[in-house]
Amino acid sequence: MIKFVIKILNKYKMYVKFIISGGSAALTHLIILATLTEVFQIYYLISAGIGYFFSFAVSFSLQKFWTFRDKNRDRLPRQALMFFAVTITGLFINTGMMYALVEWVGIHYLISQIITGGTIAVINFMVYRLIIFKKNEQNLETNARDNKHGKKKLLIATPIFPPVIGGPATYVKTLCEELPQNGFEVTVITYGREVKSEKLKVESNIEYINKNQGMLKKYWQFFWAMFKEADSANAIYIMDPINAGLPAALACYLRAKDYFIKIVGDYAWEHAQECHGVTDRLDNFQTRKYNKKIELIRWLQKRIVKGARQIITPSYYLKDLISGWEVDGDKIKVIYNAVKEANIRQTQAEAKEELGLLGNTVISVGRLLPWKGFDALIDLVPEIVRVRPDYILVIIGEGPEQRHISEKVKACPEQSHIRFIPGLEQRKLWEYMRGSDVFILNTGYEGLPHIVIEAQMLGLPDITTPAGGNTEVVKGGENGLLVEYNNKEEIKSALLDLLNNKDKGLKLAMKAQAGIDKFSREKMIREVVRVLGR
């Protein structure tokens, strides 16, 4: 009989240990409660709180080191936080189930407590075993096997992805195209509508989170998707500090995983501009105080950036900016963005004819955001048309300001000279750029102007502002023109200068093309692989 009992105990020892650990914690709570209340005459609620603290410590220690034999101390703070969350959740479940069983079903409260306690115990056991104290031997074996064959699993968290237009979307798609040929298996978590991978012509696994739902719900879904994938990832690369970064960084923290992060701007400043009417320029924003919500976002952004193993920026301007967030400069690596080579065989004349751009065409492309300066370009159309009747302005982009830009175009007296296109797939965008005469980016901020590099590659003379990292791409008077942001007189003068002087534009464009090697796709991928492969 004794041998049989021992055999059963050995067979189910994990479950026995789980019960003993939980019982020990409960007994500790009762002993401390009784001792502090009866012997030391401490108020019972205070005694209960102290007893709960010690019972929690006993339960966590026994479950981690004895029941589930998890000797990894690196994950201890994260596991304690998750354990505490499970405990608090259990209290709520206990209250809800007790009320339902007693009041609605009519079961005696003692029996209800037994049912509820048993249910919570089963749930807790599954959570402890499958999530908090999960054994990672299988993943480690898989990772070791992948590493042996030179294959690493890369998990990317990004707020946008094609067909959405924007720098992060283009950048991540480039990684999806190139990194599989450089020893990485790529999985992307992003917001947006599902698009088949074969349509995007990428080998990566793309998981889409519906962005058209409540903030908490979409953040939870993003977090859970990251949490599930993070455990088996060799490297995790986050593309922004809040929308994707907040849920992704939390998943990494709970999984005890390092992460890399790419910072292309100040999210707190962008949010302040879009949602709170802040008009301060980025550099001024760094030294001023704002309302509690903006300051909370600023604090979260800094915490997430500082928690990264390494930070990648696309410009030295951004490296200097982030260094001002009390971030170790040695953790910041500058890797210039690159563009995919545009295989456009059309001549400019052919593209003009096909697209109906039969006049002198100026094109501006970008996310439709308050600081992108499209308003000024629209306002200038009537003035330029008076001088150049064949003038055409093409605006291509998507974003929060889309409705505003559309209404402004309709209200323009020379609406027929403006072509507003809310979004285009990459090749069609390149065709419009090929058929244009000048590219302009009137922006109050830019980490590194990805679209300007594309324009240079396609042989367009460029006009932009000296904001942010723009001057690392365009040297005023050498390979393009620089104008003050939203200065309509300067913008008008620069546009007419290039439209009236084609030879000057051609020389600037040729000089720009000769200097885009530092923004080559091969160079960018090589440096990214070097960082992520560490």
# chains A, B, ... in the order shown; residues from 1 in each chain; ligands from 1
call {"tool": "residues_around", "arguments": {"residues": "range 95-104 of chain A", "least_positions_apart": "5", "cutoff": "7 Å", "atoms": "only C-alpha atoms", "output": "short mmCIF file (atom, residue, chain, number, x, y, z; two decimals) with C-alpha atoms, in the first residue's frame"}}
result
data_model
loop_
_atom_site.label_atom_id
_atom_site.label_comp_id
_atom_site.auth_asym_id
_atom_site.auth_seq_id
_atom_site.Cartn_x
_atom_site.Cartn_y
_atom_site.Cartn_z
CA TYR A 109 -21.50 29.33 0.20
CA SER A 112 -19.44 27.47 -3.70
CA GLN A 113 -16.07 28.32 -2.21
CA THR A 116 -14.49 28.36 -6.94
#
call {"tool": "select_by_dssp", "arguments": {"residues": "range 324-393 of chain A", "states": "strand (DSSP E or B)", "output": "VMD selection string"}}
result
chain A and resid 332 to 334 360 to 365 391 to 393
call {"tool": "write_last_selection", "arguments": {"atoms": "C-alpha atoms", "output": "PDB file, in the first residue's frame"}}
result
ATOM      1  CA  ILE A 332      22.723  54.385 -30.454  1.00  0.00           C
ATOM      2  CA  LYS A 333      23.744  53.198 -33.915  1.00  0.00           C
ATOM      3  CA  VAL A 334      23.162  55.331 -37.017  1.00  0.00           C
ATOM      4  CA  ASN A 360       5.416  71.404 -65.598  1.00  0.00           C
ATOM      5  CA  THR A 361       4.755  68.995 -62.756  1.00  0.00           C
ATOM      6  CA  VAL A 362       5.864  69.300 -59.136  1.00  0.00           C
ATOM      7  CA  ILE A 363       5.270  66.262 -56.925  1.00  0.00           C
ATOM      8  CA  SER A 364       5.154  65.975 -53.126  1.00  0.00           C
ATOM      9  CA  VAL A 365       4.779  62.639 -51.343  1.00  0.00           C
ATOM     10  CA  TYR A 391       1.871  74.195 -63.644  1.00  0.00           C
ATOM     11  CA  ILE A 392       0.591  70.950 -62.029  1.00  0.00           C
ATOM     12  CA  LEU A 393       0.943  69.990 -58.363  1.00  0.00           C
TER      13      LEU A 393
END
call {"tool": "residues_around", "arguments": {"residues": "Arg69 in chain A", "least_positions_apart": "3", "cutoff": "10 Å", "atoms": "only C-alpha atoms", "output": "PyMOL selection string"}}
result
chain A and resi 14+62-66+72+133+135
call {"tool": "write_last_selection", "arguments": {"atoms": "C-alpha atoms", "output": "PDB file, in the first residue's frame"}}
result
ATOM      1  CA  MET A  14       4.206  18.243  -9.668  1.00  0.00           C
ATOM      2  CA  LEU A  62       7.887  27.445  -3.613  1.00  0.00           C
ATOM      3  CA  GLN A  63       6.097  27.357  -6.964  1.00  0.00           C
ATOM      4  CA  LYS A  64       9.090  28.692  -8.883  1.00  0.00           C
ATOM      5  CA  PHE A  65      12.003  26.850  -7.293  1.00  0.00           C
ATOM      6  CA  TRP A  66      10.305  23.694  -5.976  1.00  0.00           C
ATOM      7  CA  ASN A  72      16.457  30.975 -13.960  1.00  0.00           C
ATOM      8  CA  PHE A 133       7.376  29.062 -15.332  1.00  0.00           C
ATOM      9  CA  LYS A 135      10.273  25.451 -19.680  1.00  0.00           C
TER      10      LYS A 135
END
call {"tool": "residues_around", "arguments": {"residues": "Gly505 in chain A", "least_positions_apart": "5", "cutoff": "10 Å", "atoms": "only C-alpha atoms", "output": "list in words"}}
result
Asp437, Val438, Gly459, Leu460, Pro461, Asp462, Asn479, Gly480, Leu481, Asp497, Leu498, Leu499, Asn500, Met510 and Lys511 of chain A
call {"tool": "write_last_selection", "arguments": {"atoms": "N, CA and C atoms", "output": "CSV table (one decimal), in the first residue's frame"}}
result
chain,number,residue,atom,x,y,z
A,437,ASP,N,8.7,66.9,-62.8
A,437,ASP,CA,9.9,67.8,-63.1
A,437,ASP,C,10.7,68.1,-61.9
A,438,VAL,N,10.0,68.3,-60.7
A,438,VAL,CA,10.6,68.7,-59.5
A,438,VAL,C,9.9,67.9,-58.3
A,459,GLY,N,16.2,60.7,-60.4
A,459,GLY,CA,16.8,61.8,-61.2
A,459,GLY,C,16.0,63.1,-61.1
A,460,LEU,N,15.2,63.2,-60.0
A,460,LEU,CA,14.4,64.4,-59.8
A,460,LEU,C,15.2,65.5,-59.0
A,461,PRO,N,15.2,66.7,-59.4
A,461,PRO,CA,15.8,67.8,-58.6
A,461,PRO,C,14.9,68.0,-57.4
A,462,ASP,N,15.5,68.2,-56.2
A,462,ASP,CA,14.8,68.2,-54.9
A,462,ASP,C,14.8,69.6,-54.3
A,479,ASN,N,23.3,69.6,-54.3
A,479,ASN,CA,22.5,68.5,-54.9
A,479,ASN,C,21.0,68.7,-54.7
A,480,GLY,N,20.6,69.9,-54.4
A,480,GLY,CA,19.2,70.2,-54.2
A,480,GLY,C,19.1,71.6,-53.6
A,481,LEU,N,17.9,72.0,-53.3
A,481,LEU,CA,17.7,73.4,-52.8
A,481,LEU,C,17.0,73.2,-51.4
A,497,ASP,N,12.4,78.7,-59.9
A,497,ASP,CA,13.8,78.7,-60.3
A,497,ASP,C,14.1,77.4,-61.1
A,498,LEU,N,13.7,76.2,-60.5
A,498,LEU,CA,13.9,74.9,-61.1
A,498,LEU,C,13.0,74.7,-62.3
A,499,LEU,N,11.8,75.2,-62.3
A,499,LEU,CA,10.9,75.0,-63.5
A,499,LEU,C,11.4,75.9,-64.7
A,500,ASN,N,12.0,77.0,-64.4
A,500,ASN,CA,12.4,77.9,-65.5
A,500,ASN,C,13.8,77.6,-65.9
A,510,MET,N,21.9,65.3,-61.1
A,510,MET,CA,23.0,64.4,-61.4
A,510,MET,C,24.0,64.3,-60.2
A,511,LYS,N,24.2,65.5,-59.5
A,511,LYS,CA,25.1,65.5,-58.3
A,511,LYS,C,24.5,64.7,-57.2
call {"tool": "closest_atom_pairs", "arguments": {"of": "range 73-94 of chain A", "to": "range 255-272 of chain A", "cutoff": "8 Å", "atoms": "only C-alpha atoms", "output": "tab-separated table"}}
result
residue	atom	partner	partner_atom	distance
A:Asp74	CA	A:Ala256	CA	7.4
A:Arg75	CA	A:Ala256	CA	5.6
A:Arg78	CA	A:Ala256	CA	7.0
call {"tool": "residues_around", "arguments": {"residues": "Glu484 in chain A", "least_positions_apart": "5", "cutoff": "10 Å", "atoms": "only C-alpha atoms", "output": "list of chain:residue names"}}
result
A:Asn442, A:Thr443, A:Gly444, A:Thr464, A:Thr465, A:Pro466, A:Ala467, A:Glu489, A:Glu490, A:Ile491
call {"tool": "write_last_selection", "arguments": {"atoms": "C-alpha atoms", "output": "mmCIF file, in the first residue's frame"}}
result
data_model
loop_
_atom_site.group_PDB
_atom_site.id
_atom_site.type_symbol
_atom_site.label_atom_id
_atom_site.label_comp_id
_atom_site.auth_asym_id
_atom_site.auth_seq_id
_atom_site.Cartn_x
_atom_site.Cartn_y
_atom_site.Cartn_z
ATOM 1 C CA ASN A 442 7.999 71.056 -47.249
ATOM 2 C CA THR A 443 8.344 69.537 -43.791
ATOM 3 C CA GLY A 444 8.818 70.839 -40.278
ATOM 4 C CA THR A 464 13.209 70.462 -49.002
ATOM 5 C CA THR A 465 13.759 72.166 -45.651
ATOM 6 C CA PRO A 466 16.786 72.058 -43.334
ATOM 7 C CA ALA A 467 14.641 70.345 -40.672
ATOM 8 C CA GLU A 489 8.065 83.188 -50.812
ATOM 9 C CA GLU A 490 11.139 80.951 -50.576
ATOM 10 C CA ILE A 491 9.185 77.906 -51.761
#
call {"tool": "atom_distance", "arguments": {"atom1": "CA of Asp379 in chain A", "atom2": "CA of Gly447 in chain A"}}
result
25.7 Å
call {"tool": "residues_around", "arguments": {"residues": "Lys211 in chain A", "least_positions_apart": "3", "cutoff": "8 Å", "atoms": "only C-alpha atoms", "output": "JSON list (two decimals) with N, CA and C atoms, in the first residue's frame"}}
result
[["chain", "number", "residue", "atom", "x", "y", "z"],
["A", 191, "TYR", "N", -0.32, 46.65, -37.40],
["A", 191, "TYR", "CA", -1.72, 47.05, -37.48],
["A", 191, "TYR", "C", -2.11, 47.18, -38.95],
["A", 192, "GLY", "N", -3.38, 46.92, -39.26],
["A", 192, "GLY", "CA", -3.83, 47.12, -40.64],
["A", 192, "GLY", "C", -4.72, 46.00, -41.12],
["A", 218, "LYS", "N", -6.90, 46.87, -29.09],
["A", 218, "LYS", "CA", -5.88, 46.64, -30.12],
["A", 218, "LYS", "C", -4.49, 46.49, -29.49]]
call {"tool": "atom_distance", "arguments": {"atom1": "CA of Thr313 in chain A", "atom2": "CA of Lys152 in chain A"}}
result
22.5 Å
call {"tool": "select_by_dssp", "arguments": {"residues": "range 438-518 of chain A", "states": "helix (DSSP H, G or I)", "output": "PDB file with N, CA and C atoms, in the first residue's frame"}}
result
ATOM      1  N   HIS A 450      13.285  59.561 -46.441  1.00  0.00           N
ATOM      2  CA  HIS A 450      13.328  58.371 -47.280  1.00  0.00           C
ATOM      3  C   HIS A 450      12.852  58.679 -48.696  1.00  0.00           C
ATOM      4  N   ILE A 451      11.765  59.447 -48.789  1.00  0.00           N
ATOM      5  CA  ILE A 451      11.170  59.731 -50.098  1.00  0.00           C
ATOM      6  C   ILE A 451      12.067  60.645 -50.927  1.00  0.00           C
ATOM      7  N   VAL A 452      12.838  61.492 -50.281  1.00  0.00           N
ATOM      8  CA  VAL A 452      13.768  62.370 -51.008  1.00  0.00           C
ATOM      9  C   VAL A 452      14.861  61.531 -51.662  1.00  0.00           C
ATOM     10  N   ILE A 453      15.326  60.505 -50.950  1.00  0.00           N
ATOM     11  CA  ILE A 453      16.348  59.616 -51.519  1.00  0.00           C
ATOM     12  C   ILE A 453      15.788  58.915 -52.762  1.00  0.00           C
ATOM     13  N   GLU A 454      14.518  58.493 -52.706  1.00  0.00           N
ATOM     14  CA  GLU A 454      13.884  57.874 -53.872  1.00  0.00           C
ATOM     15  C   GLU A 454      13.832  58.855 -55.036  1.00  0.00           C
ATOM     16  N   ALA A 455      13.482  60.101 -54.741  1.00  0.00           N
ATOM     17  CA  ALA A 455      13.423  61.113 -55.794  1.00  0.00           C
ATOM     18  C   ALA A 455      14.793  61.323 -56.423  1.00  0.00           C
ATOM     19  N   GLN A 456      15.836  61.352 -55.609  1.00  0.00           N
ATOM     20  CA  GLN A 456      17.198  61.499 -56.134  1.00  0.00           C
ATOM     21  C   GLN A 456      17.561  60.319 -57.021  1.00  0.00           C
ATOM     22  N   MET A 457      17.195  59.129 -56.595  1.00  0.00           N
ATOM     23  CA  MET A 457      17.492  57.934 -57.366  1.00  0.00           C
ATOM     24  C   MET A 457      16.827  57.993 -58.739  1.00  0.00           C
ATOM     25  N   ASN A 470      17.192  66.162 -42.828  1.00  0.00           N
ATOM     26  CA  ASN A 470      17.172  66.506 -44.256  1.00  0.00           C
ATOM     27  C   ASN A 470      18.532  66.934 -44.789  1.00  0.00           C
ATOM     28  N   THR A 471      19.281  67.655 -43.963  1.00  0.00           N
ATOM     29  CA  THR A 471      20.570  68.169 -44.440  1.00  0.00           C
ATOM     30  C   THR A 471      21.624  67.075 -44.583  1.00  0.00           C
ATOM     31  N   GLU A 472      21.325  65.866 -44.100  1.00  0.00           N
ATOM     32  CA  GLU A 472      22.230  64.738 -44.314  1.00  0.00           C
ATOM     33  C   GLU A 472      21.991  64.110 -45.684  1.00  0.00           C
ATOM     34  N   LYS A 488       6.453  80.678 -47.828  1.00  0.00           N
ATOM     35  CA  LYS A 488       5.860  80.598 -49.164  1.00  0.00           C
ATOM     36  C   LYS A 488       6.670  81.339 -50.220  1.00  0.00           C
ATOM     37  N   GLU A 489       7.267  82.440 -49.848  1.00  0.00           N
ATOM     38  CA  GLU A 489       8.065  83.188 -50.812  1.00  0.00           C
ATOM     39  C   GLU A 489       9.286  82.392 -51.243  1.00  0.00           C
ATOM     40  N   GLU A 490       9.966  81.770 -50.252  1.00  0.00           N
ATOM     41  CA  GLU A 490      11.139  80.951 -50.576  1.00  0.00           C
ATOM     42  C   GLU A 490      10.739  79.735 -51.402  1.00  0.00           C
ATOM     43  N   ILE A 491       9.648  79.095 -51.032  1.00  0.00           N
ATOM     44  CA  ILE A 491       9.185  77.906 -51.761  1.00  0.00           C
ATOM     45  C   ILE A 491       8.828  78.280 -53.203  1.00  0.00           C
ATOM     46  N   LYS A 492       8.076  79.350 -53.367  1.00  0.00           N
ATOM     47  CA  LYS A 492       7.677  79.797 -54.708  1.00  0.00           C
ATOM     48  C   LYS A 492       8.904  80.120 -55.546  1.00  0.00           C
ATOM     49  N   SER A 493       9.855  80.849 -54.971  1.00  0.00           N
ATOM     50  CA  SER A 493      11.069  81.230 -55.696  1.00  0.00           C
ATOM     51  C   SER A 493      11.857  79.999 -56.128  1.00  0.00           C
ATOM     52  N   ALA A 494      11.995  79.009 -55.217  1.00  0.00           N
ATOM     53  CA  ALA A 494      12.756  77.793 -55.534  1.00  0.00           C
ATOM     54  C   ALA A 494      12.066  76.979 -56.623  1.00  0.00           C
ATOM     55  N   LEU A 495      10.735  76.850 -56.545  1.00  0.00           N
ATOM     56  CA  LEU A 495       9.991  76.098 -57.555  1.00  0.00           C
ATOM     57  C   LEU A 495      10.137  76.733 -58.936  1.00  0.00           C
ATOM     58  N   LEU A 496       9.936  78.033 -59.010  1.00  0.00           N
ATOM     59  CA  LEU A 496      10.044  78.713 -60.305  1.00  0.00           C
ATOM     60  C   LEU A 496      11.472  78.684 -60.829  1.00  0.00           C
ATOM     61  N   ASP A 497      12.432  78.738 -59.916  1.00  0.00           N
ATOM     62  CA  ASP A 497      13.840  78.671 -60.320  1.00  0.00           C
ATOM     63  C   ASP A 497      14.112  77.367 -61.067  1.00  0.00           C
ATOM     64  N   LEU A 498      13.654  76.238 -60.510  1.00  0.00           N
ATOM     65  CA  LEU A 498      13.916  74.938 -61.132  1.00  0.00           C
ATOM     66  C   LEU A 498      13.030  74.687 -62.348  1.00  0.00           C
ATOM     67  N   LEU A 499      11.809  75.193 -62.329  1.00  0.00           N
ATOM     68  CA  LEU A 499      10.929  75.011 -63.487  1.00  0.00           C
ATOM     69  C   LEU A 499      11.384  75.850 -64.680  1.00  0.00           C
ATOM     70  N   ASN A 500      11.954  77.008 -64.408  1.00  0.00           N
ATOM     71  CA  ASN A 500      12.403  77.896 -65.489  1.00  0.00           C
ATOM     72  C   ASN A 500      13.832  77.611 -65.935  1.00  0.00           C
ATOM     73  N   LYS A 502      15.844  74.438 -66.414  1.00  0.00           N
ATOM     74  CA  LYS A 502      15.944  72.971 -66.460  1.00  0.00           C
ATOM     75  C   LYS A 502      17.384  72.494 -66.331  1.00  0.00           C
ATOM     76  N   ASP A 503      18.330  73.233 -66.890  1.00  0.00           N
ATOM     77  CA  ASP A 503      19.732  72.821 -66.812  1.00  0.00           C
ATOM     78  C   ASP A 503      20.222  72.804 -65.368  1.00  0.00           C
ATOM     79  N   LYS A 504      19.807  73.806 -64.605  1.00  0.00           N
ATOM     80  CA  LYS A 504      20.204  73.849 -63.190  1.00  0.00           C
ATOM     81  C   LYS A 504      19.644  72.639 -62.449  1.00  0.00           C
ATOM     82  N   GLY A 505      18.378  72.334 -62.697  1.00  0.00           N
ATOM     83  CA  GLY A 505      17.764  71.173 -62.059  1.00  0.00           C
ATOM     84  C   GLY A 505      18.456  69.884 -62.438  1.00  0.00           C
ATOM     85  N   LEU A 506      18.840  69.772 -63.708  1.00  0.00           N
ATOM     86  CA  LEU A 506      19.523  68.570 -64.179  1.00  0.00           C
ATOM     87  C   LEU A 506      20.872  68.391 -63.487  1.00  0.00           C
ATOM     88  N   LYS A 507      21.620  69.479 -63.316  1.00  0.00           N
ATOM     89  CA  LYS A 507      22.923  69.412 -62.651  1.00  0.00           C
ATOM     90  C   LYS A 507      22.771  69.010 -61.184  1.00  0.00           C
ATOM     91  N   LEU A 508      21.779  69.586 -60.511  1.00  0.00           N
ATOM     92  CA  LEU A 508      21.539  69.220 -59.115  1.00  0.00           C
ATOM     93  C   LEU A 508      21.153  67.751 -58.996  1.00  0.00           C
ATOM     94  N   ALA A 509      20.302  67.294 -59.914  1.00  0.00           N
ATOM     95  CA  ALA A 509      19.857  65.902 -59.876  1.00  0.00           C
ATOM     96  C   ALA A 509      20.999  64.936 -60.133  1.00  0.00           C
ATOM     97  N   MET A 510      21.869  65.264 -61.075  1.00  0.00           N
ATOM     98  CA  MET A 510      23.017  64.402 -61.377  1.00  0.00           C
ATOM     99  C   MET A 510      23.962  64.340 -60.191  1.00  0.00           C
ATOM    100  N   LYS A 511      24.174  65.474 -59.527  1.00  0.00           N
ATOM    101  CA  LYS A 511      25.051  65.499 -58.349  1.00  0.00           C
ATOM    102  C   LYS A 511      24.451  64.654 -57.225  1.00  0.00           C
ATOM    103  N   ALA A 512      23.118  64.727 -57.074  1.00  0.00           N
ATOM    104  CA  ALA A 512      22.443  63.939 -56.035  1.00  0.00           C
ATOM    105  C   ALA A 512      22.560  62.450 -56.318  1.00  0.00           C
ATOM    106  N   GLN A 513      22.359  62.061 -57.577  1.00  0.00           N
ATOM    107  CA  GLN A 513      22.467  60.643 -57.944  1.00  0.00           C
ATOM    108  C   GLN A 513      23.862  60.101 -57.682  1.00  0.00           C
ATOM    109  N   ALA A 514      24.860  60.938 -57.907  1.00  0.00           N
ATOM    110  CA  ALA A 514      26.243  60.491 -57.710  1.00  0.00           C
ATOM    111  C   ALA A 514      26.584  60.275 -56.240  1.00  0.00           C
ATOM    112  N   ILE A 516      24.360  59.031 -53.756  1.00  0.00           N
ATOM    113  CA  ILE A 516      23.409  58.228 -52.980  1.00  0.00           C
ATOM    114  C   ILE A 516      23.957  56.850 -52.603  1.00  0.00           C
ATOM    115  N   ASP A 517      25.235  56.615 -52.849  1.00  0.00           N
ATOM    116  CA  ASP A 517      25.813  55.316 -52.484  1.00  0.00           C
ATOM    117  C   ASP A 517      25.689  55.044 -50.987  1.00  0.00           C
ATOM    118  N   LYS A 518      25.821  56.110 -50.160  1.00  0.00           N
ATOM    119  CA  LYS A 518      25.753  55.892 -48.711  1.00  0.00           C
ATOM    120  C   LYS A 518      24.347  55.488 -48.269  1.00  0.00           C
TER     121      LYS A 518
END
call {"tool": "atom_distance", "arguments": {"atom1": "CA of Glu341 in chain A", "atom2": "CA of Pro370 in chain A"}}
result
29.6 Å
call {"tool": "decode", "arguments": {"residues": "range 457-476 of chain A", "atoms": "N, CA and C atoms", "output": "PDB file, in the first residue's frame"}}
result
ATOM      1  N   MET A 457      17.195  59.129 -56.595  1.00  0.00           N
ATOM      2  CA  MET A 457      17.492  57.934 -57.366  1.00  0.00           C
ATOM      3  C   MET A 457      16.827  57.993 -58.739  1.00  0.00           C
ATOM      4  N   LEU A 458      15.620  58.582 -58.793  1.00  0.00           N
ATOM      5  CA  LEU A 458      14.875  58.673 -60.048  1.00  0.00           C
ATOM      6  C   LEU A 458      15.262  59.892 -60.881  1.00  0.00           C
ATOM      7  N   GLY A 459      16.245  60.654 -60.404  1.00  0.00           N
ATOM      8  CA  GLY A 459      16.757  61.765 -61.204  1.00  0.00           C
ATOM      9  C   GLY A 459      15.978  63.055 -61.099  1.00  0.00           C
ATOM     10  N   LEU A 460      15.193  63.219 -60.019  1.00  0.00           N
ATOM     11  CA  LEU A 460      14.423  64.450 -59.833  1.00  0.00           C
ATOM     12  C   LEU A 460      15.228  65.470 -59.032  1.00  0.00           C
ATOM     13  N   PRO A 461      15.244  66.734 -59.443  1.00  0.00           N
ATOM     14  CA  PRO A 461      15.824  67.768 -58.588  1.00  0.00           C
ATOM     15  C   PRO A 461      14.930  67.967 -57.367  1.00  0.00           C
ATOM     16  N   ASP A 462      15.546  68.160 -56.193  1.00  0.00           N
ATOM     17  CA  ASP A 462      14.799  68.188 -54.935  1.00  0.00           C
ATOM     18  C   ASP A 462      14.809  69.557 -54.287  1.00  0.00           C
ATOM     19  N   ILE A 463      13.679  69.854 -53.634  1.00  0.00           N
ATOM     20  CA  ILE A 463      13.571  71.008 -52.752  1.00  0.00           C
ATOM     21  C   ILE A 463      13.033  70.496 -51.419  1.00  0.00           C
ATOM     22  N   THR A 464      13.718  70.829 -50.319  1.00  0.00           N
ATOM     23  CA  THR A 464      13.209  70.462 -49.002  1.00  0.00           C
ATOM     24  C   THR A 464      13.678  71.486 -47.984  1.00  0.00           C
ATOM     25  N   THR A 465      13.413  71.229 -46.723  1.00  0.00           N
ATOM     26  CA  THR A 465      13.759  72.166 -45.651  1.00  0.00           C
ATOM     27  C   THR A 465      14.979  71.646 -44.896  1.00  0.00           C
ATOM     28  N   PRO A 466      15.637  72.517 -44.125  1.00  0.00           N
ATOM     29  CA  PRO A 466      16.786  72.058 -43.334  1.00  0.00           C
ATOM     30  C   PRO A 466      16.373  71.416 -42.016  1.00  0.00           C
ATOM     31  N   ALA A 467      15.146  70.917 -41.922  1.00  0.00           N
ATOM     32  CA  ALA A 467      14.641  70.345 -40.672  1.00  0.00           C
ATOM     33  C   ALA A 467      15.151  68.924 -40.459  1.00  0.00           C
ATOM     34  N   GLY A 468      15.414  68.581 -39.196  1.00  0.00           N
ATOM     35  CA  GLY A 468      15.789  67.213 -38.840  1.00  0.00           C
ATOM     36  C   GLY A 468      16.991  66.696 -39.605  1.00  0.00           C
ATOM     37  N   GLY A 469      16.834  65.487 -40.177  1.00  0.00           N
ATOM     38  CA  GLY A 469      17.935  64.858 -40.901  1.00  0.00           C
ATOM     39  C   GLY A 469      17.985  65.193 -42.380  1.00  0.00           C
ATOM     40  N   ASN A 470      17.192  66.162 -42.828  1.00  0.00           N
ATOM     41  CA  ASN A 470      17.172  66.506 -44.256  1.00  0.00           C
ATOM     42  C   ASN A 470      18.532  66.934 -44.789  1.00  0.00           C
ATOM     43  N   THR A 471      19.281  67.655 -43.963  1.00  0.00           N
ATOM     44  CA  THR A 471      20.570  68.169 -44.440  1.00  0.00           C
ATOM     45  C   THR A 471      21.624  67.075 -44.583  1.00  0.00           C
ATOM     46  N   GLU A 472      21.325  65.866 -44.100  1.00  0.00           N
ATOM     47  CA  GLU A 472      22.230  64.738 -44.314  1.00  0.00           C
ATOM     48  C   GLU A 472      21.991  64.110 -45.684  1.00  0.00           C
ATOM     49  N   VAL A 473      20.922  64.541 -46.352  1.00  0.00           N
ATOM     50  CA  VAL A 473      20.596  64.050 -47.686  1.00  0.00           C
ATOM     51  C   VAL A 473      20.765  65.147 -48.733  1.00  0.00           C
ATOM     52  N   VAL A 474      20.274  66.335 -48.414  1.00  0.00           N
ATOM     53  CA  VAL A 474      20.323  67.455 -49.363  1.00  0.00           C
ATOM     54  C   VAL A 474      21.248  68.546 -48.835  1.00  0.00           C
ATOM     55  N   LYS A 475      22.266  68.860 -49.624  1.00  0.00           N
ATOM     56  CA  LYS A 475      23.160  69.981 -49.338  1.00  0.00           C
ATOM     57  C   LYS A 475      22.713  71.151 -50.213  1.00  0.00           C
ATOM     58  N   GLY A 476      22.217  72.197 -49.553  1.00  0.00           N
ATOM     59  CA  GLY A 476      21.646  73.321 -50.289  1.00  0.00           C
ATOM     60  C   GLY A 476      22.580  73.896 -51.336  1.00  0.00           C
TER      61      GLY A 476
END
